[in-house]
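Just target06.txt here, compact mmCIF, C-alpha atoms:
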# COMPACT_ATOMS: atom_id res chain seq x y z
CA MET A 1 17.08 116.78 46.69
CA PRO A 2 16.11 120.11 48.28
CA PRO A 3 18.70 121.72 50.60
CA ARG A 4 18.32 121.15 54.31
CA THR A 5 16.91 123.96 56.37
CA THR A 6 18.21 122.60 59.67
CA PRO A 7 22.06 122.11 59.90
CA ARG A 8 23.65 119.30 61.82
CA GLY A 9 24.07 120.15 65.44
CA GLY A 10 20.68 121.83 65.77
CA GLY A 11 19.55 125.42 65.33
CA ARG A 12 18.01 126.87 62.21
CA ARG A 13 20.16 128.50 59.47
CA ASP A 14 19.21 130.23 56.27
CA PRO A 15 19.57 128.03 53.16
CA VAL A 16 23.03 128.26 51.54
CA ASP A 17 23.39 128.89 47.82
CA ALA A 18 25.93 126.46 46.32
CA ALA A 19 26.51 128.81 43.40
CA ASN A 20 27.45 131.58 45.82
CA ALA A 21 29.88 129.21 47.59
CA ARG A 22 31.49 128.41 44.23
CA ARG A 23 31.92 132.10 43.44
CA THR A 24 33.36 132.75 46.90
CA LEU A 25 35.92 129.99 46.47
CA GLU A 26 36.90 131.26 43.02
CA ASP A 27 37.25 134.82 44.34
CA GLU A 28 39.29 133.72 47.36
CA GLU A 29 41.54 131.60 45.18
CA ARG A 30 42.26 134.51 42.84
CA ARG A 31 42.70 136.98 45.70
CA GLY A 32 44.86 134.58 47.66
CA LEU A 33 47.21 133.80 44.80
CA ALA A 34 47.57 137.51 44.05
CA GLU A 35 48.34 138.46 47.69
CA ILE A 36 50.71 135.53 48.14
CA GLY A 37 52.57 136.32 44.95
CA SER A 38 52.93 140.00 45.85
CA ALA A 39 54.06 139.43 49.47
CA ALA A 40 57.40 141.28 49.76
CA ASP A 41 58.44 139.77 53.09
CA LEU A 42 57.53 137.09 55.60
CA THR A 43 55.44 139.46 57.70
CA THR A 44 53.26 140.38 54.71
CA LEU A 45 52.94 136.70 53.80
CA GLU A 46 51.80 135.82 57.32
CA ALA A 47 49.19 138.58 57.13
CA ALA A 48 47.92 137.22 53.79
CA GLU A 49 47.66 133.70 55.24
CA THR A 50 45.64 134.98 58.22
CA SER A 51 43.35 136.92 55.86
CA LEU A 52 42.70 133.79 53.78
CA PHE A 53 42.30 131.18 56.51
CA GLY A 54 41.49 133.14 59.65
CA ARG A 55 38.43 132.39 61.76
CA LYS A 56 36.39 135.20 60.18
CA SER A 57 37.62 134.71 56.60
CA ALA A 58 35.26 134.05 53.66
CA PHE A 59 36.93 130.67 53.13
CA GLN A 60 36.05 129.59 56.66
CA GLU A 61 32.47 130.76 56.16
CA VAL A 62 32.19 128.44 53.16
CA GLN A 63 33.56 125.53 55.18
CA ARG A 64 31.12 126.18 58.01
CA SER A 65 28.20 126.27 55.55
CA LEU A 66 28.85 122.83 54.04
CA GLY A 67 26.48 121.16 56.48
CA SER A 68 23.60 123.22 55.14
CA LEU A 69 24.01 121.94 51.59
CA GLY A 70 22.47 118.91 50.00
CA ASP A 71 24.55 115.77 49.73
CA ASP A 72 25.61 116.20 46.09
CA GLU A 73 26.35 119.91 46.46
CA ARG A 74 28.14 119.29 49.76
CA ARG A 75 30.44 116.75 48.10
CA GLU A 76 31.10 119.08 45.17
CA ILE A 77 31.73 122.20 47.26
CA GLY A 78 33.74 120.22 49.81
CA ARG A 79 36.02 118.83 47.09
CA ARG A 80 36.45 122.29 45.59
CA THR A 81 37.15 123.73 49.06
CA ASN A 82 39.94 121.21 49.60
CA GLU A 83 41.43 121.96 46.18
CA VAL A 84 41.46 125.70 46.83
CA ARG A 85 42.88 125.30 50.36
CA ASP A 86 45.62 122.89 49.25
CA GLY A 87 46.54 125.07 46.30
CA LEU A 88 46.82 128.18 48.46
CA ARG A 89 48.83 126.30 51.10
CA ARG A 90 51.30 125.14 48.42
CA ALA A 91 51.56 128.69 47.10
CA ILE A 92 52.22 130.02 50.62
CA ALA A 93 54.91 127.37 51.25
CA ALA A 94 56.62 128.12 47.93
CA ARG A 95 56.52 131.89 48.55
CA ARG A 96 57.84 131.44 52.08
CA GLU A 97 60.74 129.35 50.81
CA ALA A 98 61.54 131.97 48.18
CA LEU A 99 61.42 134.83 50.71
CA GLU A 100 63.66 132.95 53.19
CA ALA A 101 66.16 132.21 50.45
CA ASP A 102 66.10 135.87 49.42
CA ARG A 103 66.71 136.94 53.03
CA GLU A 104 69.68 134.58 53.28
CA ARG A 105 71.09 136.03 50.07
CA GLN A 106 70.70 139.53 51.47
CA LEU A 107 72.55 138.53 54.63
CA LEU A 108 75.32 136.97 52.58
CA ASP A 109 75.51 140.04 50.39
CA ALA A 110 75.84 142.24 53.47
CA ASP A 111 78.82 140.15 54.61
CA ARG A 112 80.34 139.86 51.17
CA VAL A 113 83.91 141.08 50.81
CA ASP A 114 84.71 143.04 47.72
CA VAL A 115 88.02 141.50 46.75
CA THR A 116 88.61 144.27 44.23
CA LEU A 117 88.95 146.89 46.98
CA PRO A 118 92.45 147.76 48.20
CA GLY A 119 93.47 145.94 51.38
CA ARG A 120 93.40 147.60 54.80
CA ARG A 121 96.62 147.20 56.71
CA PRO A 122 95.91 145.99 60.27
CA ARG A 123 96.98 148.33 63.01
CA PRO A 124 100.34 147.14 64.34
CA GLY A 125 100.61 146.12 67.95
CA SER A 126 103.18 147.48 70.34
CA LEU A 127 105.22 146.29 73.28
CA HIS A 128 103.92 147.13 76.73
CA PRO A 129 105.98 149.90 78.40
CA LEU A 130 107.05 147.45 81.11
CA THR A 131 108.34 145.07 78.45
CA ILE A 132 110.15 147.90 76.68
CA VAL A 133 111.89 148.96 79.89
CA GLU A 134 112.79 145.38 80.80
CA TYR A 135 114.39 144.90 77.39
CA GLU A 136 116.31 148.15 77.78
CA ILE A 137 117.52 147.21 81.28
CA VAL A 138 118.70 143.82 80.05
CA GLU A 139 120.40 145.40 77.05
CA ILE A 140 122.24 147.94 79.23
CA PHE A 141 123.53 145.43 81.76
CA THR A 142 124.39 142.66 79.32
CA SER A 143 126.49 145.23 77.45
CA MET A 144 128.38 145.66 80.75
CA GLY A 145 129.05 141.92 80.96
CA TYR A 146 126.15 140.81 83.18
CA ARG A 147 124.00 137.79 82.41
CA VAL A 148 120.29 137.29 83.09
CA VAL A 149 119.03 134.72 85.61
CA GLU A 150 115.47 133.75 86.48
CA GLY A 151 113.92 131.95 89.41
CA PRO A 152 110.63 130.84 90.99
CA GLU A 153 107.96 133.31 92.06
CA VAL A 154 107.09 131.04 95.01
CA GLU A 155 110.01 131.14 97.44
CA THR A 156 110.94 129.77 100.84
CA GLU A 157 111.63 131.98 103.81
CA TYR A 158 115.25 130.84 103.67
CA TYR A 159 115.93 132.27 100.21
CA ASN A 160 113.61 135.24 100.59
CA PHE A 161 114.75 136.29 104.09
CA ASP A 162 117.18 134.13 106.07
CA ALA A 163 119.99 133.86 103.53
CA LEU A 164 119.71 137.62 102.90
CA ASN A 165 120.53 138.42 106.52
CA ILE A 166 116.96 139.50 107.30
CA PRO A 167 116.32 138.61 110.98
CA PRO A 168 113.15 136.82 112.16
CA GLU A 169 111.78 139.95 113.82
CA HIS A 170 112.11 142.14 110.72
CA PRO A 171 108.79 143.84 109.75
CA ALA A 172 109.08 142.62 106.14
CA ARG A 173 108.48 139.05 107.36
CA ARG A 174 105.07 139.83 108.85
CA VAL A 175 101.88 138.76 107.08
CA SER A 176 100.95 142.44 106.93
CA ASP A 177 103.85 142.97 104.50
CA SER A 178 104.38 139.60 102.78
CA ILE A 179 101.96 137.13 101.18
CA TYR A 180 102.35 133.62 102.62
CA LEU A 181 100.84 130.55 100.97
CA ASP A 182 98.55 128.08 102.70
CA VAL A 183 100.20 124.83 101.58
CA ALA A 184 99.91 121.84 103.91
CA GLY A 185 103.31 120.85 105.28
CA HIS A 186 105.05 123.92 103.84
CA ALA A 187 104.48 126.82 106.21
CA ASP A 188 107.59 128.60 104.93
CA LEU A 189 106.32 129.26 101.41
CA LEU A 190 105.45 132.76 100.22
CA LEU A 191 105.21 134.78 97.03
CA ARG A 192 108.64 136.33 96.63
CA THR A 193 108.83 139.92 97.80
CA GLU A 194 111.92 140.67 95.69
CA THR A 195 114.13 138.94 93.15
CA SER A 196 117.05 139.21 95.63
CA ALA A 197 116.60 135.50 96.33
CA MET A 198 118.37 134.92 93.02
CA GLN A 199 121.54 136.33 94.61
CA ILE A 200 121.66 133.31 96.90
CA ARG A 201 120.55 130.76 94.31
CA THR A 202 123.19 132.01 91.88
CA MET A 203 126.07 132.13 94.38
CA GLU A 204 125.22 128.63 95.62
CA LYS A 205 125.80 127.31 92.09
CA GLN A 206 128.99 129.09 91.07
CA ARG A 207 132.19 130.58 92.40
CA PRO A 208 133.19 134.23 91.82
CA PRO A 209 133.30 136.20 89.67
CA VAL A 210 129.51 136.69 89.59
CA TYR A 211 127.80 139.33 87.46
CA VAL A 212 124.05 138.75 87.09
CA ILE A 213 120.75 140.57 86.94
CA ALA A 214 117.39 139.01 87.81
CA PRO A 215 114.27 140.70 86.41
CA GLY A 216 110.86 139.37 87.35
CA ARG A 217 107.49 139.79 89.02
CA VAL A 218 107.27 140.21 92.79
CA TYR A 219 104.48 140.50 95.38
CA ARG A 220 103.97 142.55 98.52
CA ASN A 221 101.02 143.33 100.73
CA GLU A 222 100.90 146.96 99.59
CA ASP A 223 98.10 149.49 99.34
CA VAL A 224 97.45 150.68 95.80
CA THR A 225 98.69 154.24 95.33
CA ALA A 226 100.08 156.39 92.53
CA LYS A 227 103.46 154.69 92.94
CA ASN A 228 102.73 151.36 94.69
CA MET A 229 101.05 148.12 93.63
CA PRO A 230 100.78 144.75 95.41
CA VAL A 231 102.12 143.11 92.24
CA PHE A 232 105.01 144.76 90.42
CA HIS A 233 108.30 144.03 88.67
CA GLN A 234 111.80 144.25 90.05
CA VAL A 235 115.29 143.90 88.66
CA GLU A 236 117.98 142.68 91.03
CA GLY A 237 121.65 143.00 90.23
CA LEU A 238 124.67 141.33 91.84
CA ALA A 239 128.39 141.67 91.25
CA VAL A 240 130.92 139.68 93.33
CA ASP A 241 134.62 139.59 92.57
CA GLU A 242 137.96 140.42 94.07
CA GLY A 243 138.57 144.11 94.71
CA ILE A 244 135.05 145.45 94.10
CA THR A 245 134.42 148.74 95.93
CA PHE A 246 131.60 151.16 96.63
CA ALA A 247 132.96 153.34 93.82
CA ASP A 248 132.24 150.48 91.39
CA LEU A 249 128.64 150.39 92.60
CA LYS A 250 128.21 154.15 92.20
CA GLY A 251 129.81 154.15 88.76
CA THR A 252 127.65 151.23 87.61
CA LEU A 253 124.42 152.88 88.72
CA GLU A 254 125.38 156.23 87.22
CA ALA A 255 126.11 154.57 83.89
CA PHE A 256 122.84 152.66 84.05
CA TYR A 257 120.69 155.71 84.80
CA GLN A 258 122.49 157.75 82.15
CA ALA A 259 121.76 155.06 79.55
CA LEU A 260 118.12 154.62 80.60
CA LEU A 261 117.02 158.12 81.60
CA GLY A 262 119.48 160.40 79.86
CA ASP A 263 120.37 163.62 81.71
CA ARG A 264 117.65 163.36 84.35
CA ARG A 265 118.98 164.30 87.80
CA VAL A 266 119.65 161.27 90.02
CA ARG A 267 120.80 161.32 93.63
CA PHE A 268 122.18 158.71 96.02
CA THR A 269 121.39 158.93 99.74
CA PRO A 270 122.50 156.70 102.66
CA SER A 271 120.03 153.99 103.56
CA PHE A 272 119.84 150.68 105.43
CA PHE A 273 119.04 147.24 104.10
CA PRO A 274 119.91 144.07 106.09
CA PHE A 275 121.67 142.36 103.18
CA VAL A 276 124.07 145.23 102.35
CA GLU A 277 126.51 147.36 104.32
CA PRO A 278 126.81 150.22 103.63
CA GLY A 279 123.57 150.86 101.74
CA LEU A 280 122.10 153.60 99.61
CA SER A 281 118.84 154.63 97.95
CA ALA A 282 118.77 155.96 94.42
CA GLY A 283 116.14 158.46 93.37
CA ALA A 284 115.41 160.75 90.44
CA LEU A 285 114.08 164.28 90.53
CA CYS A 286 110.31 163.95 90.17
CA PHE A 287 109.37 164.33 86.53
CA VAL A 288 105.83 165.47 87.40
CA CYS A 289 106.43 168.27 89.90
CA ASP A 290 110.13 168.97 89.23
CA GLY A 291 110.91 168.64 92.93
CA THR A 292 108.05 170.67 94.45
CA GLY A 293 106.10 167.64 95.72
CA CYS A 294 103.11 165.73 94.32
CA PRO A 295 101.25 162.39 94.76
CA THR A 296 103.58 160.66 92.27
CA CYS A 297 106.67 161.27 94.44
CA GLY A 298 104.79 161.10 97.74
CA PHE A 299 105.25 164.87 98.12
CA GLU A 300 108.99 164.41 98.60
CA GLY A 301 110.19 165.96 95.35
CA TRP A 302 112.34 162.92 94.57
CA PHE A 303 111.13 159.66 93.06
CA GLU A 304 112.69 156.63 94.79
CA MET A 305 113.66 153.94 92.30
CA MET A 306 116.27 151.60 93.75
CA GLY A 307 118.03 150.34 96.88
CA ALA A 308 121.65 149.20 96.71
CA GLY A 309 124.84 148.66 98.69
CA MET A 310 127.84 146.46 99.29
CA VAL A 311 126.92 142.82 99.88
CA HIS A 312 126.89 142.08 103.62
CA PRO A 313 129.68 139.73 104.76
CA ASN A 314 127.09 137.46 106.40
CA VAL A 315 125.45 136.91 103.01
CA LEU A 316 128.79 135.97 101.46
CA ARG A 317 129.66 133.59 104.32
CA GLY A 318 126.22 131.94 103.99
CA VAL A 319 127.02 130.76 100.47
CA GLY A 320 130.59 129.75 101.26
CA TYR A 321 132.34 132.86 99.89
CA ASP A 322 135.29 134.27 101.82
CA PRO A 323 134.40 137.94 102.62
CA GLU A 324 138.10 138.66 103.23
CA ARG A 325 138.84 137.77 99.64
CA TYR A 326 135.65 138.67 97.79
CA THR A 327 133.50 141.75 97.92
CA GLY A 328 130.50 142.71 95.89
CA PHE A 329 127.56 145.01 95.48
CA ALA A 330 123.86 144.44 94.94
CA PHE A 331 121.05 146.66 93.74
CA GLY A 332 117.34 146.19 93.27
CA GLY A 333 114.43 148.31 92.18
CA GLY A 334 111.01 148.14 90.63
CA TYR A 335 111.10 148.70 86.93
CA ASP A 336 107.45 149.74 87.03
CA ARG A 337 108.84 152.92 88.58
CA LEU A 338 111.67 152.99 86.07
CA ALA A 339 109.04 152.86 83.32
CA MET A 340 107.23 155.75 84.97
CA ALA A 341 110.42 157.81 84.98
CA ARG A 342 111.41 156.66 81.50
CA PHE A 343 108.08 157.62 79.88
CA ASN A 344 106.82 160.35 82.27
CA ILE A 345 103.88 158.27 83.51
CA PRO A 346 102.38 159.99 86.56
CA ASP A 347 100.50 157.01 88.04
CA ILE A 348 101.68 153.39 88.25
CA ARG A 349 98.11 152.15 87.86
CA MET A 350 98.14 153.27 84.24
CA LEU A 351 100.61 150.45 83.56
CA TRP A 352 98.09 147.86 84.73
CA GLU A 353 94.76 149.13 83.39
CA GLY A 354 95.20 147.90 79.81
CA ASP A 355 93.75 151.08 78.28
CA VAL A 356 94.58 150.86 74.55
CA ARG A 357 94.53 154.66 74.27
CA PHE A 358 97.39 154.79 76.76
CA LEU A 359 99.26 151.77 75.39
CA GLY A 360 99.03 153.13 71.84
CA ARG A 361 101.49 155.83 72.84
CA PHE A 362 104.29 153.27 72.85
CA GLU A 363 103.96 151.97 69.28
CA ALA A 364 107.09 153.86 68.24
CA ALA A 365 108.94 153.56 71.55
CA ARG A 366 111.29 150.90 70.14
Could you spell out this file's structure in structure tokens?
Amino acid sequence: MPPRTTPRGGGRRDPVDAANARRTLEDEERRGLAEIGSAADLTTLEAAETSLFGRKSAFQEVQRSLGSLGDDERREIGRRTNEVRDGLRRAIAARREALEADRERQLLDADRVDVTLPGRRPRPGSLHPLTIVEYEIVEIFTSMGYRVVEGPEVETEYYNFDALNIPPEHPARRVSDSIYLDVAGHADLLLRTETSAMQIRTMEKQRPPVYVIAPGRVYRNEDVTAKNMPVFHQVEGLAVDEGITFADLKGTLEAFYQALLGDRRVRFTPSFFPFVEPGLSAGALCFVCDGTGCPTCGFEGWFEMMGAGMVHPNVLRGVGYDPERYTGFAFGGGYDRLAMARFNIPDIRMLWEGDVRFLGRFEAAR
């Protein structure tokens, strides 16, 4: 039967040579298998697939010309077209699978650990300077016969203020200084402003003699400066017994500062605190400016570290102690500042930033 001169769908088209279609299919099959087999990566393989089966490819031209062939030739060329297409598709799928497997092997090889190499010792961690100083404080005072007590960080106004002889009108009780909690039915709750509350809790539970220290975290409504933070750490100390004097307080603090800070100059000056009488403030010569004045010491030349004094008789009476028989002293200070003095840290904020370059300095501190 002669080939049609008018393809299906209308419009005239030049007669198609079946022999030419056969040659085209053979050429495309050979070319396709060669390009597929030589594809070095998935991108190259995708490009080869587009070249073989794209809209303008020779293979697509053969498919579009089938309608111009006679029935017998159309069946023959159509069958051969399907064979070539299916064979190339299988070759593409096999090559893609091989390339993906090779990529996975490369990724695994990149992560492979050479077990024959010598091991790398992990960098050791270190204690935080605040932890180091807390341990040293505890070690110093327990060697003097004190024991450590701990208590809640959420306190009542009674333990935080009233039992410590702090009157209702005292500025420390204002919301501008203390952080009160909004708990329904408990308007007297606040974050403790000092660990002094443990004085009362301890004395309520035992009779003299009492020798305790209470380290812990405390909270105040403070502006952040080189030496102040709204959250910091304090150690409170209490000694109550018969015959305790102010000289015992002074000797205890001198021994403590000598053990912690060595020969650094420390001074005691008169001061007032509602829960002690008489009271004193302890300060060290500023380690940054050597007494000339700087932001670290508030331009005072001395770095305040602790308040102390003889326990007020009202505090003793409040817990059922006889102030005519028993006397005692108390002291309290932030050991963030003690850490600053201990390690010559000029700004308290450095203790809270978590900078590993700074913290790495303390690997050999203990």
Check your understanding: Closest to Thr193 (chain A) among A:Gly333, A:Gly243, A:Gly298, A:Gly251, using all atoms listed in the file?
Key -> A:Gly333
Exercise for review: Using all atoms listed in the file, give me every residue within 12 Å of (34.1, 129.2, 42.5) in file coordinates, as number ranges by chain.
Suggested key: A: 17-30, 59, 62, 76-81, 83-84
May I have the selected residues written with C-alpha atoms, as a short mmCIF file (atom, residue, chain, number, x, y, z; two decimals), keeping the file's coordinate frame?
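Contents of part37.cif, freshly written:
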data_model
loop_
_atom_site.label_atom_id
_atom_site.label_comp_id
_atom_site.auth_asym_id
_atom_site.auth_seq_id
_atom_site.Cartn_x
_atom_site.Cartn_y
_atom_site.Cartn_z
CA ASP A 17 23.39 128.89 47.82
CA ALA A 18 25.93 126.46 46.32
CA ALA A 19 26.51 128.81 43.40
CA ASN A 20 27.45 131.58 45.82
CA ALA A 21 29.88 129.21 47.59
CA ARG A 22 31.49 128.41 44.23
CA ARG A 23 31.92 132.10 43.44
CA THR A 24 33.36 132.75 46.90
CA LEU A 25 35.92 129.99 46.47
CA GLU A 26 36.90 131.26 43.02
CA ASP A 27 37.25 134.82 44.34
CA GLU A 28 39.29 133.72 47.36
CA GLU A 29 41.54 131.60 45.18
CA ARG A 30 42.26 134.51 42.84
CA PHE A 59 36.93 130.67 53.13
CA VAL A 62 32.19 128.44 53.16
CA GLU A 76 31.10 119.08 45.17
CA ILE A 77 31.73 122.20 47.26
CA GLY A 78 33.74 120.22 49.81
CA ARG A 79 36.02 118.83 47.09
CA ARG A 80 36.45 122.29 45.59
CA THR A 81 37.15 123.73 49.06
CA GLU A 83 41.43 121.96 46.18
CA VAL A 84 41.46 125.70 46.83
#
Which residues of region 80-132 of chain A have any atom within 9 Å of an atom in region 356-361 of chain A when counting only C-alpha atoms, and what is the closest pair of atoms for each, with the distance in Å to one decimal? Order the rows by chain and rising number and write it as CSV.
residue,atom,partner,partner_atom,distance
A:Gly125,CA,A:Gly360,CA,8.2
A:Ser126,CA,A:Gly360,CA,7.2
A:Leu127,CA,A:Leu359,CA,8.4
A:His128,CA,A:Leu359,CA,6.7
A:Pro129,CA,A:Leu359,CA,7.6
For the selection just defined, write its residues with C-alpha atoms to a file, as a tab-separated table (two decimals), in the frame of the given file.
chain	number	residue	atom	x	y	z
A	125	GLY	CA	100.61	146.12	67.95
A	126	SER	CA	103.18	147.48	70.34
A	127	LEU	CA	105.22	146.29	73.28
A	128	HIS	CA	103.92	147.13	76.73
A	129	PRO	CA	105.98	149.90	78.40
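Pairwise distance (CA of Ala330 (chain A), CA of Leu238 (chain A)) equals 4.5 Å.
Using only C-alpha atoms, the nearest neighbour of Phe343 (chain A) within the list A:Leu130, A:Leu33, A:Leu280, A:Ala172 is A:Leu130.
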Would you kindly return, as a compact mmCIF listing (two decimals) with C-alpha atoms, keeping the file's coordinate frame, each protein, DNA or RNA residue with an atom no farther than 8 Å from any atom of Val148 (chain A), considering only C-alpha atoms and excluding same-chain residues fewer than 4 positions away?
# COMPACT_ATOMS: atom_id res chain seq x y z
CA VAL A 138 118.70 143.82 80.05
CA THR A 142 124.39 142.66 79.32
CA VAL A 212 124.05 138.75 87.09
CA ILE A 213 120.75 140.57 86.94
CA ALA A 214 117.39 139.01 87.81
CA PRO A 215 114.27 140.70 86.41
Let me have the centre and edge lengths in Å, one decimal, of the box along x, y and z around every listed atom of region 291-295 of chain A with 6 Å of margin on each side, as lines of an AutoDock Vina configuration file.
center_x = 106.1
center_y = 166.5
center_z = 94.3
size_x = 21.7
size_y = 20.3
size_z = 14.8
Study note, to complete from the structure: One residue among A:Met229, A:Ala110, A:Val240, A:Val175 is nearest to Gly334 (chain A) when using only C-alpha atoms, and that residue is A:Met229
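Taking CA of Ala91 (chain A) as the reference point, CA of Ala47 (chain A) is found at 14.3 Å.
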Review point. How far is it from CA of Thr269 (chain A) to CA of Ala282 (chain A), in Å with one decimal?
Key: 6.6 Å
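Minimum atom-to-atom distances from A:Glu104, A:Glu134, A:Asp336, A:Glu254 to Phe232 (chain A) were compared using all atoms listed in the file, and the lowest value belongs to A:Asp336.
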Practice item. Go through A:Gly332, A:Gly293, A:Pro274, A:Gly283 one by one, measure the shortest atom-to-atom distance of each to Leu164 (chain A) using only C-alpha atoms, and give the residue with the smallest value. Key: A:Pro274
Check your understanding: Closest to Glu150 (chain A) among A:Ile137, A:Val235, A:Ala163, A:Ala58, using only C-alpha atoms?
Key -> A:Val235
